[in-house]
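Novice: The structure under discussion is supplied below as C-alpha cells; questions concerning it will follow.
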Amino acid sequence: METDCTSHDLPVNGAIAPLPAGTRLLHIGPHKTGTTAVQGALFAAKEAMPAYGVEFPAHSRHPMEAALAACARPPMMGDPVPTGRHWTRLLEQVGATGERTSVVSSEFFADAGDEATAARIVEQIGGDRVHVLVTLRPLAKIMPSQWQQYVQNGLRMGYEEWLEHMLRKAPYEKPTPSFWRRHRHDRLVERWMRAVGPERLTVVVVDDRDRDGLMRTFEALLGLPGNLLRPVPDTANRSLTLAETEMLRNLNQQFRGNDLPEELYSRLVRNGAVPHMKNACPPSPRDVKIGTPMWAAEAAAAIGAEMAGRMRGMGVRVLGDLRLLSVMTESSPRGEVRISPEVAAHALYGALAAAAVPAGSRTVHKTPSRELVKVLGHRCLRRLGWR
C-alpha cells in the first residue's frame, strides 16, 4: 500500500504512478534492502527495456567502483582504489541515454557522508531530472546480514560484541562507522531529500512477505510491463550461516595478526574461498542462522519506530508501510554451530583456485572446476620444474 503520498503524485486507481519520461532514477540502497536482486534483474533486462523507453546505462550489474569514487569512500578491503575515471565513465554512459528514462543503482551511494556530496552527485547525474529512490527494511533484519557482510570484508568482532558497539556504546561509530551512515534511515532520506526536494524522492518499504513486490514497484515507477524484471538466481550472494561466518571471522583474526597483504585477502578469501563456498554448499535446515538477542531486537525496533516517525513528517512519497521498520525479530542460535568438512574443503579449494586464476580473469565461482584444476595443476608443475 502507499502512505504519506505528496499531493502532486498520487497513485492512479490504486496503482503507482510512473515517473515522468526522461527521469534519471538514482537508487541509493542502502545495503541489505534487496539491492543485489534489483540490480541483477535490471541488468538481465538491459536489452529489453529500451523498447519501453528505459535504459540501464551501466556496463555491469553493479557500478560499485563509480559509486565509491563519487562518494570518496574507500574500497573493499584489498581492492584497488576507485578513481575519478570510474565515475566519469558512468556519467558518460548516463549522458548517452539522452532524453530517455535511465536508472542507476548502487547501495554505495548511501555512503555519501554529507549533503554537499549528495547534491554534487545529483547535479552530475542529471540535476532536475534526478529522482532518488531509497529502499528500506527493518533494522532487526538488516543487522545480522550487515554484520556477516562486514566479516566478509575483514571484521574480527563477534556478533553480540558488534551489537554492543552499535547499540550501546556511544558514539556508535566503531568498529564499522559506515553502519549508521547507511542505516540511520531517517537521516539518510533527509540528506538526499535536501539535494532533490521531497517531491523527487521516493521511499520504498520492502515487505519480505511479498517476494516479488520490489520488482513490481520498480516496473511501475519506470513504466515497464509487469514481470519484465525477474530475480536472477545468485547463490554467491546468499548470507553466510553462523558457522561459516565464525570460520571466516577466525580466519580474519589470523590474517590480521600476521600482517599479510590486504590484496591477498581480497583475491583469495573474499573473491575466492567465500563465493566458491556459497555456490557449492547451500545451507541445509540443520545449519544455524545468525541469531539476534532480544535486547538488540528491541533496541532495533525502537530505533526503527523513531526513524519512521521522522520520515512521516518529511513530505516524501512512501510506498509501503512504514510500520514495518519497527518489526522486531528475535532469534537465538539453535543446534551445534559447527562447520562441516565439506564446507571447509570447498572454501579451501576456492582459495587455491583463486590463486591459480590470473588476476583480472573471471571470478573463481564463475570458472568451471575442470578448468581451475587444469590451471592449478600446470602452475604447480611449472613451479616444481617438471616438464
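In the C-alpha cells, each chain is lettered A, B, ... as it comes, each chain's residues begin at 1, and ligands are numbered from 1 in order of appearance.
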Within 10 Å of stretch 75-96 of chain A, which residues of stretch 256-276 of chain A come that close, and what is the closest atom pair and distance in Å for each? Count only C-alpha atoms and give it as CSV.
Specialist:
residue,atom,partner,partner_atom,distance
A:Pro261,CA,A:Gly78,CA,7.6
A:Glu262,CA,A:Gly78,CA,4.3
A:Glu263,CA,A:Gly78,CA,4.0
A:Leu264,CA,A:Gly78,CA,7.0
A:Tyr265,CA,A:Gly78,CA,6.4
A:Ser266,CA,A:Gly78,CA,4.9
A:Arg267,CA,A:Gly78,CA,7.9
A:Arg270,CA,A:Met77,CA,8.9
Novice: From stretch 53-162 of chain A, collect each residue whose DSSP state is strand (DSSP E or B) and return the set as JSON, numbers by chain.
Specialist: {"A": [54, 55, 101, 102, 103, 104, 105, 130, 131, 132, 133, 134, 135, 136]}
Novice: Name the residues of stretch 216-362 of chain A that fall into helix (DSSP H, G or I) according to DSSP on the backbone, using the chain letters and numbers of this document, as an MDAnalysis selection string.
Specialist: chainID A and resid 216:222 235:237 242:257 262:280 294:312 322:326 341:356
Novice: Kindly assemble as a Markdown table a list of the stretch 258-320 of chain A residues that lie within 9 Å of stretch 202-207 of chain A, each paired with its nearest atom pair and their distance in Å to one decimal, using only C-alpha atoms, sorted first by chain and then by ascending residue number.
Specialist:
| residue | atom | partner | partner_atom | distance |
| --- | --- | --- | --- | --- |
| A:Val316 | CA | A:Thr202 | CA | 6.1 |
| A:Arg317 | CA | A:Thr202 | CA | 4.9 |
| A:Val318 | CA | A:Val203 | CA | 4.7 |
| A:Leu319 | CA | A:Val204 | CA | 4.7 |
| A:Gly320 | CA | A:Val205 | CA | 4.9 |
Novice: Next, dump the selected residues to file, keeping only N, CA and C atoms, as a PDB file, in the first residue's frame.
Specialist:
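Output contents, as saved in selection-v4.pdb:
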ATOM      1  N   VAL A 316       7.949  13.238   1.814  1.00  0.00           N
ATOM      2  CA  VAL A 316       8.371  12.416   0.677  1.00  0.00           C
ATOM      3  C   VAL A 316       7.321  11.349   0.407  1.00  0.00           C
ATOM      4  N   ARG A 317       7.320  10.823  -0.809  1.00  0.00           N
ATOM      5  CA  ARG A 317       6.390   9.750  -1.136  1.00  0.00           C
ATOM      6  C   ARG A 317       6.897   8.447  -0.535  1.00  0.00           C
ATOM      7  N   VAL A 318       6.003   7.737   0.133  1.00  0.00           N
ATOM      8  CA  VAL A 318       6.342   6.459   0.746  1.00  0.00           C
ATOM      9  C   VAL A 318       5.472   5.374   0.125  1.00  0.00           C
ATOM     10  N   LEU A 319       6.108   4.362  -0.431  1.00  0.00           N
ATOM     11  CA  LEU A 319       5.413   3.202  -0.975  1.00  0.00           C
ATOM     12  C   LEU A 319       5.636   2.044  -0.017  1.00  0.00           C
ATOM     13  N   GLY A 320       4.555   1.593   0.596  1.00  0.00           N
ATOM     14  CA  GLY A 320       4.674   0.552   1.599  1.00  0.00           C
ATOM     15  C   GLY A 320       4.287   1.079   2.963  1.00  0.00           C
TER      16      GLY A 320
END
Novice: Just the number, please: distance in Å from atom CA of A:Glu55 to atom CA of A:Ala15, one decimal.
Specialist: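 Atom-to-atom, atom CA of A:Glu55 to atom CA of A:Ala15, that is 22.6 Å.
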Novice: Any idea what's packed within 8 Å of A:Ser239, counting only C-alpha atoms, ignoring anything in its chain fewer than 5 positions away? Could you give it as a PyMOL selection string?
Specialist: chain A and resi 145+148-149
Novice: Next, write the just-selected residues to a file, as a PDB file, in the first residue's frame, keeping all heavy atoms as the atom set.
Specialist:
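Result written to selection-v7.pdb:
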ATOM      1  N   SER A 145      22.573  -9.536   8.708  1.00  0.00           N
ATOM      2  CA  SER A 145      23.114  -9.601   7.340  1.00  0.00           C
ATOM      3  C   SER A 145      24.283  -8.647   7.169  1.00  0.00           C
ATOM      4  O   SER A 145      25.290  -8.978   6.523  1.00  0.00           O
ATOM      5  CB  SER A 145      22.010  -9.251   6.331  1.00  0.00           C
ATOM      6  OG  SER A 145      20.988 -10.213   6.346  1.00  0.00           O
ATOM      7  N   GLN A 148      27.530 -10.039   8.996  1.00  0.00           N
ATOM      8  CA  GLN A 148      28.275 -11.071   8.273  1.00  0.00           C
ATOM      9  C   GLN A 148      28.920 -10.495   7.019  1.00  0.00           C
ATOM     10  O   GLN A 148      29.964 -10.973   6.584  1.00  0.00           O
ATOM     11  CB  GLN A 148      27.393 -12.284   7.958  1.00  0.00           C
ATOM     12  CG  GLN A 148      26.170 -12.033   7.116  1.00  0.00           C
ATOM     13  CD  GLN A 148      26.424 -12.194   5.625  1.00  0.00           C
ATOM     14  OE1 GLN A 148      27.249 -12.990   5.217  1.00  0.00           O
ATOM     15  NE2 GLN A 148      25.713 -11.416   4.833  1.00  0.00           N
ATOM     16  N   GLN A 149      28.340  -9.440   6.440  1.00  0.00           N
ATOM     17  CA  GLN A 149      28.981  -8.796   5.292  1.00  0.00           C
ATOM     18  C   GLN A 149      30.243  -8.077   5.724  1.00  0.00           C
ATOM     19  O   GLN A 149      31.266  -8.097   5.015  1.00  0.00           O
ATOM     20  CB  GLN A 149      28.015  -7.807   4.638  1.00  0.00           C
ATOM     21  CG  GLN A 149      28.458  -7.341   3.261  1.00  0.00           C
ATOM     22  CD  GLN A 149      28.429  -8.458   2.239  1.00  0.00           C
ATOM     23  OE1 GLN A 149      27.411  -9.120   2.069  1.00  0.00           O
ATOM     24  NE2 GLN A 149      29.538  -8.684   1.559  1.00  0.00           N
TER      25      GLN A 149
END
Novice: Might you pull out every residue within 12 Å of A:Gln152, with only C-alpha atoms counted and same-chain residues fewer than 4 positions away left off, and present them as a VMD selection string?
Specialist: chain A and resid 76 to 78 145 to 148 156 to 157 237 239 to 240 244 to 252 265 to 266 268 to 275
Novice: Take the residues from that selection and put them in a file with N, CA, C and O atoms, as a CSV table (one decimal), in the first residue's frame.
Specialist:
chain,number,residue,atom,x,y,z
A,76,MET,N,36.5,-1.9,-0.9
A,76,MET,CA,36.5,-3.1,-0.1
A,76,MET,C,38.0,-3.5,0.2
A,76,MET,O,38.9,-3.2,-0.5
A,77,MET,N,38.2,-4.2,1.3
A,77,MET,CA,39.5,-4.5,1.8
A,77,MET,C,40.3,-5.2,0.7
A,77,MET,O,39.9,-6.2,0.2
A,78,GLY,N,41.5,-4.6,0.4
A,78,GLY,CA,42.4,-5.2,-0.6
A,78,GLY,C,42.1,-4.9,-2.0
A,78,GLY,O,42.9,-5.3,-2.9
A,145,SER,N,22.6,-9.5,8.7
A,145,SER,CA,23.1,-9.6,7.3
A,145,SER,C,24.3,-8.6,7.2
A,145,SER,O,25.3,-9.0,6.5
A,146,GLN,N,24.2,-7.5,7.8
A,146,GLN,CA,25.2,-6.5,7.6
A,146,GLN,C,26.5,-6.9,8.4
A,146,GLN,O,27.6,-6.7,7.9
A,147,TRP,N,26.3,-7.5,9.6
A,147,TRP,CA,27.5,-8.0,10.3
A,147,TRP,C,28.2,-9.0,9.6
A,147,TRP,O,29.5,-9.0,9.4
A,148,GLN,N,27.5,-10.0,9.0
A,148,GLN,CA,28.3,-11.1,8.3
A,148,GLN,C,28.9,-10.5,7.0
A,148,GLN,O,30.0,-11.0,6.6
A,156,ARG,N,36.7,-8.7,12.6
A,156,ARG,CA,37.1,-9.7,13.5
A,156,ARG,C,36.2,-9.8,14.7
A,156,ARG,O,36.4,-10.7,15.6
A,157,MET,N,35.3,-8.9,14.9
A,157,MET,CA,34.4,-8.9,16.1
A,157,MET,C,33.2,-9.8,16.0
A,157,MET,O,32.6,-9.9,14.9
A,237,ASN,N,25.5,-14.7,-3.6
A,237,ASN,CA,25.1,-13.5,-2.8
A,237,ASN,C,24.3,-13.9,-1.6
A,237,ASN,O,23.9,-13.1,-0.8
A,239,SER,N,23.5,-15.1,2.2
A,239,SER,CA,24.1,-14.8,3.5
A,239,SER,C,24.8,-16.1,4.0
A,239,SER,O,24.4,-17.2,3.8
A,240,LEU,N,25.9,-15.8,4.8
A,240,LEU,CA,26.6,-16.9,5.4
A,240,LEU,C,25.8,-17.4,6.6
A,240,LEU,O,25.1,-16.7,7.3
A,244,GLU,N,29.7,-20.6,9.2
A,244,GLU,CA,30.5,-20.1,8.1
A,244,GLU,C,31.1,-18.7,8.5
A,244,GLU,O,32.3,-18.5,8.2
A,245,THR,N,30.3,-17.9,9.1
A,245,THR,CA,30.8,-16.6,9.4
A,245,THR,C,31.8,-16.6,10.5
A,245,THR,O,32.8,-15.9,10.5
A,246,GLU,N,31.6,-17.5,11.5
A,246,GLU,CA,32.6,-17.7,12.6
A,246,GLU,C,33.9,-18.3,12.0
A,246,GLU,O,35.0,-17.9,12.5
A,247,MET,N,33.8,-19.2,11.1
A,247,MET,CA,35.0,-19.7,10.5
A,247,MET,C,35.8,-18.6,9.8
A,247,MET,O,37.0,-18.4,10.0
A,248,LEU,N,35.1,-17.7,9.1
A,248,LEU,CA,35.7,-16.6,8.4
A,248,LEU,C,36.3,-15.6,9.4
A,248,LEU,O,37.3,-15.0,9.2
A,249,ARG,N,35.5,-15.3,10.4
A,249,ARG,CA,36.0,-14.3,11.4
A,249,ARG,C,37.2,-14.8,12.1
A,249,ARG,O,38.2,-14.0,12.4
A,250,ASN,N,37.3,-16.1,12.4
A,250,ASN,CA,38.6,-16.6,13.0
A,250,ASN,C,39.7,-16.5,12.0
A,250,ASN,O,40.9,-16.3,12.4
A,251,LEU,N,39.5,-16.8,10.7
A,251,LEU,CA,40.5,-16.6,9.7
A,251,LEU,C,40.9,-15.1,9.7
A,251,LEU,O,42.1,-14.8,9.5
A,252,ASN,N,40.0,-14.2,9.8
A,252,ASN,CA,40.3,-12.8,9.8
A,252,ASN,C,41.3,-12.4,10.9
A,252,ASN,O,42.2,-11.6,10.8
A,265,TYR,N,43.9,-11.0,0.7
A,265,TYR,CA,42.6,-11.3,1.3
A,265,TYR,C,41.5,-11.1,0.3
A,265,TYR,O,40.6,-12.0,0.1
A,266,SER,N,41.6,-10.0,-0.5
A,266,SER,CA,40.6,-9.7,-1.5
A,266,SER,C,40.5,-10.8,-2.5
A,266,SER,O,39.5,-11.3,-2.8
A,268,LEU,N,42.1,-14.1,-2.5
A,268,LEU,CA,41.9,-15.5,-2.1
A,268,LEU,C,40.7,-15.8,-1.2
A,268,LEU,O,40.2,-16.9,-1.3
A,269,VAL,N,40.4,-14.8,-0.4
A,269,VAL,CA,39.3,-15.1,0.6
A,269,VAL,C,38.0,-14.5,0.0
A,269,VAL,O,37.0,-15.3,-0.3
A,270,ARG,N,37.9,-13.2,-0.1
A,270,ARG,CA,36.6,-12.6,-0.4
A,270,ARG,C,36.1,-13.0,-1.8
A,270,ARG,O,34.9,-13.2,-2.1
A,271,ASN,N,37.1,-13.1,-2.8
A,271,ASN,CA,36.7,-13.4,-4.2
A,271,ASN,C,37.1,-14.8,-4.6
A,271,ASN,O,37.0,-15.2,-5.7
A,272,GLY,N,37.5,-15.6,-3.6
A,272,GLY,CA,37.9,-17.0,-3.9
A,272,GLY,C,37.2,-17.9,-3.0
A,272,GLY,O,36.2,-18.6,-3.4
A,273,ALA,N,37.6,-18.0,-1.7
A,273,ALA,CA,37.1,-19.0,-0.8
A,273,ALA,C,35.6,-18.8,-0.5
A,273,ALA,O,34.8,-19.7,-0.6
A,274,VAL,N,35.2,-17.5,-0.3
A,274,VAL,CA,33.8,-17.3,0.1
A,274,VAL,C,32.8,-17.5,-1.0
A,274,VAL,O,31.8,-18.3,-0.8
A,275,PRO,N,33.0,-17.0,-2.2
A,275,PRO,CA,32.0,-17.3,-3.3
A,275,PRO,C,31.9,-18.7,-3.7
A,275,PRO,O,30.8,-19.2,-4.0
Novice: Which of these residues is nearest to A:Arg200, using only C-alpha atoms: A:Val122, A:Ala344, A:Ile290, A:Ile339?
Specialist: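 Using only C-alpha atoms, the shortest distance to A:Arg200 belongs to A:Val122.
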Novice: Could you list, as a PyMOL selection string, every residue within 10 Å of A:Gly113, counting only C-alpha atoms and ignoring same-chain residues fewer than 2 positions away?
Specialist: chain A and resi 71-73+109-111+115-118+178+181-182+188+191
Novice: Work out how far atom CA of A:Ser106 is from atom CA of A:Ala220, in Å to one decimal.
Specialist: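 That distance, rounded to one decimal, is 19.6 Å.
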Novice: Please provide as a PyMOL selection string all residues within 12 Å of A:Ala308, with the sequence filter that same-chain residues fewer than 2 positions apart are discarded (counting only C-alpha atoms).
Specialist: chain A and resi 3-4+136-139+184-187+189+203+205+301-306+310-314+316+318+320-327
Novice: Please determine, counting only C-alpha atoms, which residue among A:Ala45, A:Leu26, A:Ala170, A:Ala58 has the shortest atom-to-atom distance to A:Glu107.
Specialist: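 Using only C-alpha atoms, the shortest distance to A:Glu107 belongs to A:Leu26.
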Novice: Find the residue from A:Met166, A:Ala353, A:Met143, A:Leu133 that sits nearest to A:Thr217; use only C-alpha atoms when measuring.
Specialist: A:Leu133
